[in-house]
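What follows is the content of work.csv (CSV, N, CA and C atoms).
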```
chain,number,residue,atom,x,y,z
A,810,MET,N,77.0,34.6,56.5
A,810,MET,CA,76.4,35.0,57.8
A,810,MET,C,77.5,35.4,58.8
A,811,ILE,N,78.6,34.6,58.9
A,811,ILE,CA,79.7,35.0,59.8
A,811,ILE,C,80.3,36.3,59.4
A,812,GLU,N,80.4,36.6,58.1
A,812,GLU,CA,80.9,37.9,57.7
A,812,GLU,C,80.1,39.1,58.3
A,813,LEU,N,78.8,38.9,58.2
A,813,LEU,CA,77.9,39.9,58.8
A,813,LEU,C,78.1,40.2,60.3
A,814,TYR,N,78.3,39.0,61.0
A,814,TYR,CA,78.5,39.1,62.4
A,814,TYR,C,79.8,39.7,62.8
A,815,SER,N,80.9,39.3,62.0
A,815,SER,CA,82.2,39.7,62.3
A,815,SER,C,82.5,41.2,62.1
A,816,GLN,N,81.6,41.9,61.3
A,816,GLN,CA,81.7,43.3,61.1
A,816,GLN,C,81.4,44.1,62.4
A,817,GLY,N,80.6,43.5,63.3
A,817,GLY,CA,80.4,44.1,64.6
A,817,GLY,C,79.4,45.1,64.7
A,818,ASN,N,78.7,45.5,63.6
A,818,ASN,CA,77.7,46.5,63.7
A,818,ASN,C,76.3,46.0,63.5
A,819,LEU,N,76.1,44.7,63.5
A,819,LEU,CA,74.7,44.2,63.4
A,819,LEU,C,74.5,43.2,64.6
A,820,THR,N,73.3,43.3,65.1
A,820,THR,CA,72.9,42.3,66.2
A,820,THR,C,72.5,41.0,65.6
A,821,VAL,N,72.3,40.0,66.4
A,821,VAL,CA,71.9,38.7,65.9
A,821,VAL,C,70.5,38.8,65.3
A,822,ARG,N,69.6,39.6,66.0
A,822,ARG,CA,68.3,39.8,65.5
A,822,ARG,C,68.3,40.5,64.1
A,823,GLN,N,69.1,41.5,63.9
A,823,GLN,CA,69.2,42.1,62.6
A,823,GLN,C,69.7,41.2,61.5
A,824,ILE,N,70.7,40.3,61.9
A,824,ILE,CA,71.2,39.4,60.9
A,824,ILE,C,70.1,38.4,60.5
A,825,ALA,N,69.4,37.9,61.6
A,825,ALA,CA,68.3,36.9,61.3
A,825,ALA,C,67.2,37.5,60.4
A,826,THR,N,66.9,38.8,60.7
A,826,THR,CA,65.8,39.4,59.9
A,826,THR,C,66.3,39.6,58.4
A,827,GLN,N,67.6,40.0,58.3
A,827,GLN,CA,68.1,40.2,57.0
A,827,GLN,C,68.2,38.9,56.1
A,828,LEU,N,68.6,37.8,56.8
A,828,LEU,CA,68.7,36.6,56.1
A,828,LEU,C,67.4,35.8,56.1
A,829,LYS,N,66.4,36.3,56.8
A,829,LYS,CA,65.0,35.6,56.9
A,829,LYS,C,65.1,34.2,57.5
A,830,VAL,N,65.9,34.2,58.6
A,830,VAL,CA,66.0,32.9,59.4
A,830,VAL,C,65.7,33.2,60.9
A,831,ASN,N,65.6,32.2,61.6
A,831,ASN,CA,65.3,32.3,63.1
A,831,ASN,C,66.6,32.7,63.8
A,832,GLU,N,66.5,33.4,64.9
A,832,GLU,CA,67.7,33.8,65.6
A,832,GLU,C,68.5,32.6,66.2
A,833,ARG,N,67.7,31.5,66.5
A,833,ARG,CA,68.4,30.3,67.0
A,833,ARG,C,69.3,29.7,65.9
A,834,THR,N,68.9,29.9,64.6
A,834,THR,CA,69.8,29.4,63.5
A,834,THR,C,71.1,30.2,63.5
A,835,ILE,N,71.0,31.4,63.8
A,835,ILE,CA,72.2,32.3,63.8
A,835,ILE,C,73.1,31.8,64.9
A,836,TYR,N,72.5,31.6,66.1
A,836,TYR,CA,73.3,31.2,67.3
A,836,TYR,C,74.0,29.8,67.0
A,837,ARG,N,73.2,28.9,66.4
A,837,ARG,CA,73.8,27.6,66.1
A,837,ARG,C,75.0,27.7,65.1
A,838,HIS,N,74.9,28.5,64.1
A,838,HIS,CA,76.0,28.7,63.2
A,838,HIS,C,77.2,29.4,63.9
A,839,LEU,N,76.9,30.3,64.8
A,839,LEU,CA,78.0,31.0,65.5
A,839,LEU,C,78.7,30.0,66.4
A,840,ALA,N,78.0,29.1,67.0
A,840,ALA,CA,78.6,28.1,67.9
A,840,ALA,C,79.5,27.1,67.2
A,841,LYS,N,79.2,26.9,65.9
A,841,LYS,CA,80.0,25.9,65.1
A,841,LYS,C,81.3,26.6,64.5
A,842,CYS,N,81.3,27.9,64.4
A,842,CYS,CA,82.4,28.6,63.7
A,842,CYS,C,83.6,28.7,64.6
A,843,ASP,N,84.7,29.0,64.0
A,843,ASP,CA,85.9,29.3,64.7
A,843,ASP,C,85.8,30.6,65.5
A,844,LYS,N,86.1,30.7,66.7
A,844,LYS,CA,85.9,31.9,67.5
A,844,LYS,C,86.8,33.1,67.0
A,845,ALA,N,87.9,32.8,66.5
A,845,ALA,CA,88.8,33.8,66.0
A,845,ALA,C,88.2,34.4,64.7
A,846,THR,N,87.4,33.6,64.0
A,846,THR,CA,86.8,34.1,62.8
A,846,THR,C,85.6,35.0,63.1
A,847,ALA,N,84.9,34.7,64.2
A,847,ALA,CA,83.7,35.4,64.5
A,847,ALA,C,84.0,36.8,65.1
A,848,ARG,N,85.2,37.0,65.6
A,848,ARG,CA,85.5,38.3,66.3
A,848,ARG,C,86.1,39.2,65.2
A,849,ASN,N,85.9,40.5,65.5
A,849,ASN,CA,86.5,41.5,64.7
A,849,ASN,C,88.0,41.7,65.1
A,850,ASN,N,88.9,41.2,64.3
A,850,ASN,CA,90.3,41.2,64.7
A,850,ASN,C,91.0,42.3,63.9
A,851,ALA,N,90.3,43.3,63.5
A,851,ALA,CA,90.9,44.5,62.8
A,851,ALA,C,91.8,45.3,63.8
A,852,PRO,N,93.0,45.7,63.3
A,852,PRO,CA,93.8,46.5,64.2
A,852,PRO,C,93.1,47.9,64.5
A,853,GLY,N,93.4,48.4,65.6
A,853,GLY,CA,92.8,49.7,66.0
A,853,GLY,C,93.8,50.5,66.8
A,854,SER,N,93.5,51.7,67.0
A,854,SER,CA,94.4,52.6,67.8
A,854,SER,C,94.2,52.3,69.3
A,855,VAL,N,95.3,52.4,70.0
A,855,VAL,CA,95.3,52.2,71.5
A,855,VAL,C,95.9,53.3,72.2
A,856,ILE,N,95.4,53.7,73.3
A,856,ILE,CA,96.0,54.8,74.1
A,856,ILE,C,96.4,54.1,75.4
A,857,ALA,N,97.7,54.1,75.7
A,857,ALA,CA,98.3,53.5,76.9
A,857,ALA,C,98.7,54.6,77.8
A,858,MET,N,98.1,54.6,79.0
A,858,MET,CA,98.4,55.7,80.0
A,858,MET,C,99.2,55.0,81.1
A,859,MET,N,100.4,55.6,81.4
A,859,MET,CA,101.3,55.1,82.4
A,859,MET,C,101.5,56.2,83.5
A,860,ASP,N,101.5,55.8,84.7
A,860,ASP,CA,101.7,56.7,85.8
A,860,ASP,C,103.2,56.7,86.1
A,861,THR,N,103.9,57.9,85.8
A,861,THR,CA,105.3,58.0,86.0
A,861,THR,C,105.6,59.0,87.1
A,862,SER,N,104.7,59.2,88.0
A,862,SER,CA,104.8,60.3,89.0
A,862,SER,C,105.3,59.7,90.3
A,863,TYR,N,105.8,58.5,90.4
A,863,TYR,CA,106.4,57.9,91.6
A,863,TYR,C,107.7,58.5,91.9
A,864,TRP,N,107.8,59.2,93.0
A,864,TRP,CA,109.1,59.9,93.4
A,864,TRP,C,109.7,59.2,94.6
A,865,GLY,N,109.3,58.0,95.0
A,865,GLY,CA,109.8,57.4,96.2
A,865,GLY,C,111.2,56.7,95.9
A,866,TRP,N,111.7,56.0,96.9
A,866,TRP,CA,112.9,55.3,96.8
A,866,TRP,C,112.7,54.0,96.1
A,867,ILE,N,113.6,53.6,95.2
A,867,ILE,CA,113.6,52.3,94.6
A,867,ILE,C,114.8,51.5,95.1
A,868,LEU,N,114.6,50.3,95.7
A,868,LEU,CA,115.6,49.5,96.2
A,868,LEU,C,116.1,48.5,95.1
A,869,VAL,N,117.4,48.6,94.8
A,869,VAL,CA,117.9,47.7,93.7
A,869,VAL,C,118.9,46.8,94.4
A,870,TRP,N,118.8,45.5,94.3
A,870,TRP,CA,119.7,44.6,94.9
A,870,TRP,C,120.6,43.9,93.9
A,871,TRP,N,121.9,44.1,94.0
A,871,TRP,CA,122.8,43.5,93.1
A,871,TRP,C,123.5,42.3,93.8
A,872,PRO,N,123.2,41.1,93.5
A,872,PRO,CA,123.9,40.0,94.2
A,872,PRO,C,125.3,39.8,93.8
```

Please re-express this file's structure in structure tokens.
Amino acid sequence: MIELYSQGNLTVRQIATQLKVNERTIYRHLAKCDKATARNNAPGSVIAMMDTSYWGWILVWWP
């Protein structure tokens, strides 16, 4: 059941219907499991945008 949830493409209702159990049962099992296990921790691509257009003065203090 945790494996179905951790894939991230099924809702709790869909999992409950597929396993023929109540939604409350799914929530109970999710509450007992390790939170890191229940999340999708697969690596993905990231886009980092940085603003490098600052043309002002930068004060550097050397003690």

Between CA of Val855 in chain A and CA of Leu813 in chain A - distance in Å to one decimal: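 It comes out at 24.8 Å.
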
d(CA of Thr834 in chain A, CA of Arg822 in chain A) in Å: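 Result for CA of Thr834 in chain A versus CA of Arg822 in chain A: 10.7 Å, one decimal.
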
Å distance separating atom C of Val821 in chain A from CA of Ile835 in chain A, one decimal place: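 One can read the atom C of Val821 in chain A to CA of Ile835 in chain A distance as 6.9 Å.
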
Residue nearest His838 in chain A among A:Trp870, A:Ala825, A:Ala857, A:Gly865 (counting only C-alpha atoms): A:Ala825
